[in-house]
$ cat run.cif   # mmCIF, C-alpha atoms
data_target
loop_
_atom_site.label_atom_id
_atom_site.label_comp_id
_atom_site.auth_asym_id
_atom_site.auth_seq_id
_atom_site.Cartn_x
_atom_site.Cartn_y
_atom_site.Cartn_z
CA MET P 1 0.00 0.00 0.00
CA ASN P 2 1.21 3.44 -0.85
CA HIS P 3 0.26 5.27 2.34
CA ARG P 4 1.49 8.65 1.07
CA TYR P 5 -0.58 8.41 -2.13
CA PHE P 6 -3.81 7.60 -0.33
CA MET P 7 -3.16 10.17 2.41
CA GLU P 8 -2.83 12.77 -0.36
CA LYS P 9 -6.34 11.78 -1.44
CA ALA P 10 -7.58 12.20 2.13
CA LEU P 11 -5.83 15.58 2.26
CA ALA P 12 -7.71 16.60 -0.89
CA GLN P 13 -10.97 15.84 0.93
CA ALA P 14 -9.73 17.90 3.90
CA ARG P 15 -8.79 20.84 1.65
CA SER P 16 -12.27 20.72 0.16
CA ALA P 17 -13.75 20.83 3.67
CA LEU P 18 -11.51 23.76 4.60
CA ASP P 19 -12.57 25.61 1.45
CA ARG P 20 -16.19 25.25 2.64
CA GLY P 21 -15.27 26.58 6.11
CA GLU P 22 -15.44 23.12 7.66
CA PHE P 23 -12.94 21.56 10.05
CA PRO P 24 -10.30 20.14 7.65
CA VAL P 25 -10.65 16.42 8.16
CA GLY P 26 -10.75 14.17 5.12
CA CYS P 27 -11.00 10.42 4.81
CA VAL P 28 -10.73 7.74 2.15
CA ILE P 29 -11.37 4.01 2.44
CA VAL P 30 -9.23 1.77 0.25
CA HIS P 31 -9.58 -1.82 -0.94
CA GLU P 32 -6.86 -3.43 -3.05
CA ASN P 33 -5.29 -0.07 -3.94
CA GLU P 34 -8.61 1.44 -5.02
CA ILE P 35 -10.54 4.17 -3.22
CA ILE P 36 -14.04 2.86 -2.61
CA ALA P 37 -15.47 5.54 -0.29
CA VAL P 38 -14.60 9.09 0.75
CA GLY P 39 -15.72 11.53 3.38
CA ALA P 40 -15.02 15.03 4.65
CA ARG P 41 -16.03 16.75 7.87
CA GLU P 42 -19.47 18.32 7.80
CA GLY P 43 -21.47 20.43 10.22
CA THR P 44 -18.84 22.84 11.60
CA ALA P 45 -19.04 25.74 9.15
CA GLY P 46 -20.68 28.94 10.29
CA GLY P 47 -20.46 28.06 13.95
CA GLY P 48 -22.06 24.64 13.55
CA VAL P 49 -21.53 22.03 16.24
CA ASN P 50 -22.69 18.81 14.55
CA GLU P 51 -20.61 16.14 16.26
CA THR P 52 -21.73 13.10 14.28
CA ASP P 53 -20.72 13.98 10.72
CA HIS P 54 -17.02 13.34 11.16
CA ALA P 55 -15.16 12.46 7.97
CA GLU P 56 -14.77 8.83 9.04
CA MET P 57 -18.48 8.47 9.79
CA VAL P 58 -19.40 10.03 6.44
CA ALA P 59 -17.04 7.63 4.62
CA LEU P 60 -18.34 4.61 6.58
CA ARG P 61 -21.95 5.53 5.73
CA ARG P 62 -21.02 5.87 2.06
CA LEU P 63 -19.24 2.52 2.17
CA ASP P 64 -22.36 0.88 3.60
CA ALA P 65 -24.59 2.58 1.00
CA LEU P 66 -22.45 1.14 -1.81
CA GLY P 67 -23.05 -2.40 -0.58
CA ILE P 68 -19.48 -3.43 -1.41
CA GLN P 69 -18.86 -7.02 -0.40
CA ALA P 70 -15.10 -6.68 0.18
CA PRO P 71 -13.89 -8.32 3.37
CA ARG P 72 -13.80 -5.45 5.87
CA GLU P 73 -10.54 -6.65 7.41
CA ARG P 74 -8.89 -5.99 4.03
CA LEU P 75 -9.96 -2.33 4.00
CA THR P 76 -7.70 0.54 5.03
CA LEU P 77 -9.10 3.85 6.23
CA TYR P 78 -6.93 6.95 5.72
CA CYS P 79 -7.72 10.08 7.71
CA THR P 80 -6.03 13.45 8.03
CA MET P 81 -6.58 13.47 11.79
CA GLU P 82 -6.43 10.64 14.28
CA PRO P 83 -9.96 9.26 14.72
CA CYS P 84 -11.76 10.31 17.89
CA LEU P 85 -13.24 7.71 20.25
CA MET P 86 -16.61 7.76 18.46
CA CYS P 87 -15.05 7.20 15.06
CA PHE P 88 -12.53 4.67 16.30
CA GLY P 89 -15.36 2.70 17.91
CA ALA P 90 -17.30 2.74 14.63
CA ILE P 91 -14.19 1.67 12.71
CA LEU P 92 -13.68 -1.25 15.10
CA ILE P 93 -17.33 -2.32 14.89
CA ALA P 94 -17.20 -2.05 11.08
CA GLY P 95 -14.27 -4.48 11.10
CA ILE P 96 -11.89 -2.21 9.16
CA GLY P 97 -8.45 -3.83 9.07
CA ALA P 98 -6.18 -0.79 9.19
CA VAL P 99 -6.26 2.91 10.00
CA VAL P 100 -3.64 5.33 8.73
CA TRP P 101 -3.76 8.86 10.09
CA ALA P 102 -1.74 12.04 9.57
CA TYR P 103 -2.10 14.47 12.49
CA GLU P 104 -2.62 13.46 16.11
CA ASP P 105 -5.79 14.53 17.85
CA ALA P 106 -4.09 15.66 21.04
CA MET P 107 -7.45 16.51 22.59
CA GLY P 108 -9.61 13.54 21.66
CA GLY P 109 -7.75 10.89 19.69
CA GLY P 110 -8.99 7.37 20.25
CA THR P 111 -6.48 5.07 18.59
CA GLY P 112 -4.12 4.97 21.57
CA CYS P 113 -6.72 4.00 24.14
CA ASP P 114 -6.16 0.90 26.22
CA ARG P 115 -8.64 -1.51 24.68
CA SER P 116 -7.68 -4.34 27.03
CA THR P 117 -10.25 -3.15 29.58
CA LEU P 118 -13.07 -2.74 27.07
CA PRO P 119 -15.80 -5.27 26.24
CA PRO P 120 -14.93 -7.97 23.66
CA LEU P 121 -16.56 -6.16 20.73
CA TYR P 122 -13.83 -3.51 20.94
CA ARG P 123 -11.05 -5.34 22.77
CA ASP P 124 -10.82 -8.34 20.44
CA ARG P 125 -10.85 -6.57 17.06
CA ARG P 126 -7.57 -6.89 15.22
CA ILE P 127 -6.55 -3.60 13.62
CA THR P 128 -3.33 -2.12 12.32
CA ILE P 129 -2.69 1.54 13.10
CA VAL P 130 -0.14 3.69 11.27
CA SER P 131 0.36 7.26 12.46
CA GLY P 132 2.04 10.41 11.19
CA VAL P 133 1.77 9.87 7.42
CA LEU P 134 2.03 13.34 5.80
CA ARG P 135 1.64 14.89 9.26
CA CYS P 136 3.17 18.23 8.21
CA GLU P 137 0.75 18.65 5.32
CA SER P 138 -2.20 17.90 7.57
CA LEU P 139 -0.88 20.17 10.33
CA ALA P 140 -0.75 23.05 7.83
CA LEU P 141 -4.48 22.64 7.10
CA PHE P 142 -5.39 22.64 10.80
CA GLN P 143 -3.20 25.67 11.45
CA ALA P 144 -4.89 27.51 8.56
CA PHE P 145 -8.28 26.63 10.03
CA PHE P 146 -7.45 27.79 13.56
CA ARG P 147 -5.75 30.99 12.34
CA ASP P 148 -8.90 32.10 10.52
CA PRO P 149 -11.05 34.11 12.96
CA ALA P 150 -14.14 33.15 10.95
CA ASN P 151 -13.77 29.56 12.16
CA ALA P 152 -15.26 29.27 15.64
CA TYR P 153 -15.22 25.47 15.85
CA TRP P 154 -12.87 24.45 18.71
CA SER P 155 -11.52 28.01 18.77
CA GLY P 156 -9.46 28.49 21.92
CA SER P 157 -9.57 24.78 22.76
CA PHE P 158 -6.63 22.66 23.84
CA LEU P 159 -6.47 21.30 20.28
CA ALA P 160 -6.34 24.81 18.79
CA ARG P 161 -3.57 25.91 21.19
CA TYR P 162 -1.62 22.69 20.65
CA THR P 163 -1.94 22.96 16.86
CA LEU P 164 -0.98 26.62 16.66
CA ALA P 165 2.04 26.01 18.92
CA GLN P 166 3.47 23.43 16.50
CA ALA P 167 6.38 24.62 14.39
CA ALA P 168 5.48 25.06 10.73
CA GLY P 169 6.42 21.93 8.90
CA GLY P 170 6.13 19.84 11.90
#

$ encode --input "run.cif" --output "C-alpha cells"
Amino acid sequence: MNHRYFMEKALAQARSALDRGEFPVGCVIVHENEIIAVGAREGTAGGGVNETDHAEMVALRRLDALGIQAPRERLTLYCTMEPCLMCFGAILIAGIGAVVWAYEDAMGGGTGCDRSTLPPLYRDRRITIVSGVLRCESLALFQAFFRDPANAYWSGSFLARYTLAQAAGG
C-alpha cells in the first residue's frame, strides 16, 4: 500500500472541507489499492456544532450505501486526523483492518486508548494503526483553520492551542 498516495487523497478531501469553512478532516477508504469511499467533515461551518458527521463516519456511511462485499478486514481507512473515540469505535465495529492517520488529535484521539479493559466487541478486534503519514501537510491545514477568525469550531480549545504552537512543517 502506498500510504502517502492515499493520504494525499484524504488531504484533498480535507482541503475541500476547509474551502467550505469546515474543520479540515478528510477520509478515504481503500480496498486493493482502489478508493471505494470518501468523506469530509461536515457540520462545523458557520459556527455549527454537529458532532456526528465526522469524515470517518461520512465515509463509513457511504461505504455501507455502496453495498461493497469486500472483506472489511482488508480495508484501510486513511484520515487526516487521528480518529476520535466515536469514530474509532465505529471503525472497530465495522471491522476495518487498518487505520492510517496524519495528524494526532491531542485533545480527543482514540487510537491509543487501552482496549484491554473494554468489552470484547472492541477489545478483540484486530486492527493495524499507522500514524504520522504526511503529518506536516495535515498540520498546515489545521493551522490555517485555527488561524482564521471566521472559524469558531474548537476556537481556543486545547487542540487549537496545541496545533498553533506546533512549528510550521512539523

$ residues_around --input "run.cif" --residues "P:Asn33" --least-positions-apart "3" --cutoff "10 Å" --atoms "only C-alpha atoms" --output "PyMOL selection string"
chain P and resi 1-3+5-6+29-30+36+75-76

$ resolve_selection --input "run.cif" --expression "the PyMOL selection byres ((chain P and resi 78-92) around 6)" --output "PDB file with C-alpha atoms, in the frame of the given file"
ATOM      1  CA  MET P   7      -3.160  10.170   2.410  1.00  0.00           C
ATOM      2  CA  ALA P  10      -7.580  12.200   2.130  1.00  0.00           C
ATOM      3  CA  VAL P  25     -10.650  16.420   8.160  1.00  0.00           C
ATOM      4  CA  GLY P  26     -10.750  14.170   5.120  1.00  0.00           C
ATOM      5  CA  CYS P  27     -11.000  10.420   4.810  1.00  0.00           C
ATOM      6  CA  VAL P  28     -10.730   7.740   2.150  1.00  0.00           C
ATOM      7  CA  LEU P  77      -9.100   3.850   6.230  1.00  0.00           C
ATOM      8  CA  ILE P  93     -17.330  -2.320  14.890  1.00  0.00           C
ATOM      9  CA  ALA P  94     -17.200  -2.050  11.080  1.00  0.00           C
ATOM     10  CA  GLY P  95     -14.270  -4.480  11.100  1.00  0.00           C
ATOM     11  CA  ILE P  96     -11.890  -2.210   9.160  1.00  0.00           C
ATOM     12  CA  VAL P  99      -6.260   2.910  10.000  1.00  0.00           C
ATOM     13  CA  VAL P 100      -3.640   5.330   8.730  1.00  0.00           C
ATOM     14  CA  TRP P 101      -3.760   8.860  10.090  1.00  0.00           C
ATOM     15  CA  ALA P 102      -1.740  12.040   9.570  1.00  0.00           C
ATOM     16  CA  TYR P 103      -2.100  14.470  12.490  1.00  0.00           C
ATOM     17  CA  GLU P 104      -2.620  13.460  16.110  1.00  0.00           C
ATOM     18  CA  ASP P 105      -5.790  14.530  17.850  1.00  0.00           C
ATOM     19  CA  GLY P 108      -9.610  13.540  21.660  1.00  0.00           C
ATOM     20  CA  GLY P 109      -7.750  10.890  19.690  1.00  0.00           C
ATOM     21  CA  GLY P 110      -8.990   7.370  20.250  1.00  0.00           C
ATOM     22  CA  SER P 138      -2.200  17.900   7.570  1.00  0.00           C
TER      23      SER P 138
END

$ residues_around --input "run.cif" --residues "P:Val49" --least-positions-apart "6" --cutoff "12 Å" --atoms "all atoms listed in the file" --output "list in words"
Glu22, Phe23, Arg41, Glu42, Gly43, Asn151, Ala152, Tyr153, Trp154 and Ser155 of chain P

$ closest_residue --input "run.cif" --among "P:Thr44, P:Ser131, P:Ser116, P:Asn50" --to "P:Arg4" --atoms "all atoms listed in the file"
P:Ser131

$ atom_distance --input "run.cif" --atom1 "atom CA of P:Met57" --atom2 "atom CA of P:Ala37"
10.9 Å

$ atom_distance --input "run.cif" --atom1 "atom CA of P:Glu32" --atom2 "atom CA of P:Leu139"
27.8 Å

$ resolve_selection --input "run.cif" --expression "the PyMOL selection byres ((chain P and resi 128) around 8)" --output "PyMOL selection string"
chain P and resi 97-99+126-127+129-130

$ write_last_selection --input "run.cif" --atoms "C-alpha atoms" --output "short mmCIF file (atom, residue, chain, number, x, y, z; two decimals), keeping the file's coordinate frame"
data_model
loop_
_atom_site.label_atom_id
_atom_site.label_comp_id
_atom_site.auth_asym_id
_atom_site.auth_seq_id
_atom_site.Cartn_x
_atom_site.Cartn_y
_atom_site.Cartn_z
CA GLY P 97 -8.45 -3.83 9.07
CA ALA P 98 -6.18 -0.79 9.19
CA VAL P 99 -6.26 2.91 10.00
CA ARG P 126 -7.57 -6.89 15.22
CA ILE P 127 -6.55 -3.60 13.62
CA ILE P 129 -2.69 1.54 13.10
CA VAL P 130 -0.14 3.69 11.27
#

$ atom_distance --input "run.cif" --atom1 "atom CA of P:Gly132" --atom2 "atom CA of P:Ala168"
15.1 Å

$ residues_around --input "run.cif" --residues "P:Asp114" --least-positions-apart "6" --cutoff "12 Å" --atoms "all atoms listed in the file" --output "list in words"
Leu85, Tyr122, Arg123 and Asp124 of chain P

$ residues_around --input "run.cif" --residues "P:Arg147" --least-positions-apart "3" --cutoff "12 Å" --atoms "only C-alpha atoms" --output "list in words"
Ala140, Leu141, Phe142, Gln143, Ala144, Ala150, Asn151, Ala152, Tyr153, Trp154, Ser155, Gly156, Ala160, Arg161, Thr163, Leu164 and Ala165 of chain P

$ closest_residue --input "run.cif" --among "P:Arg135, P:Gly47, P:Val58, P:Phe145" --to "P:Asp19" --atoms "all atoms listed in the file"
P:Phe145
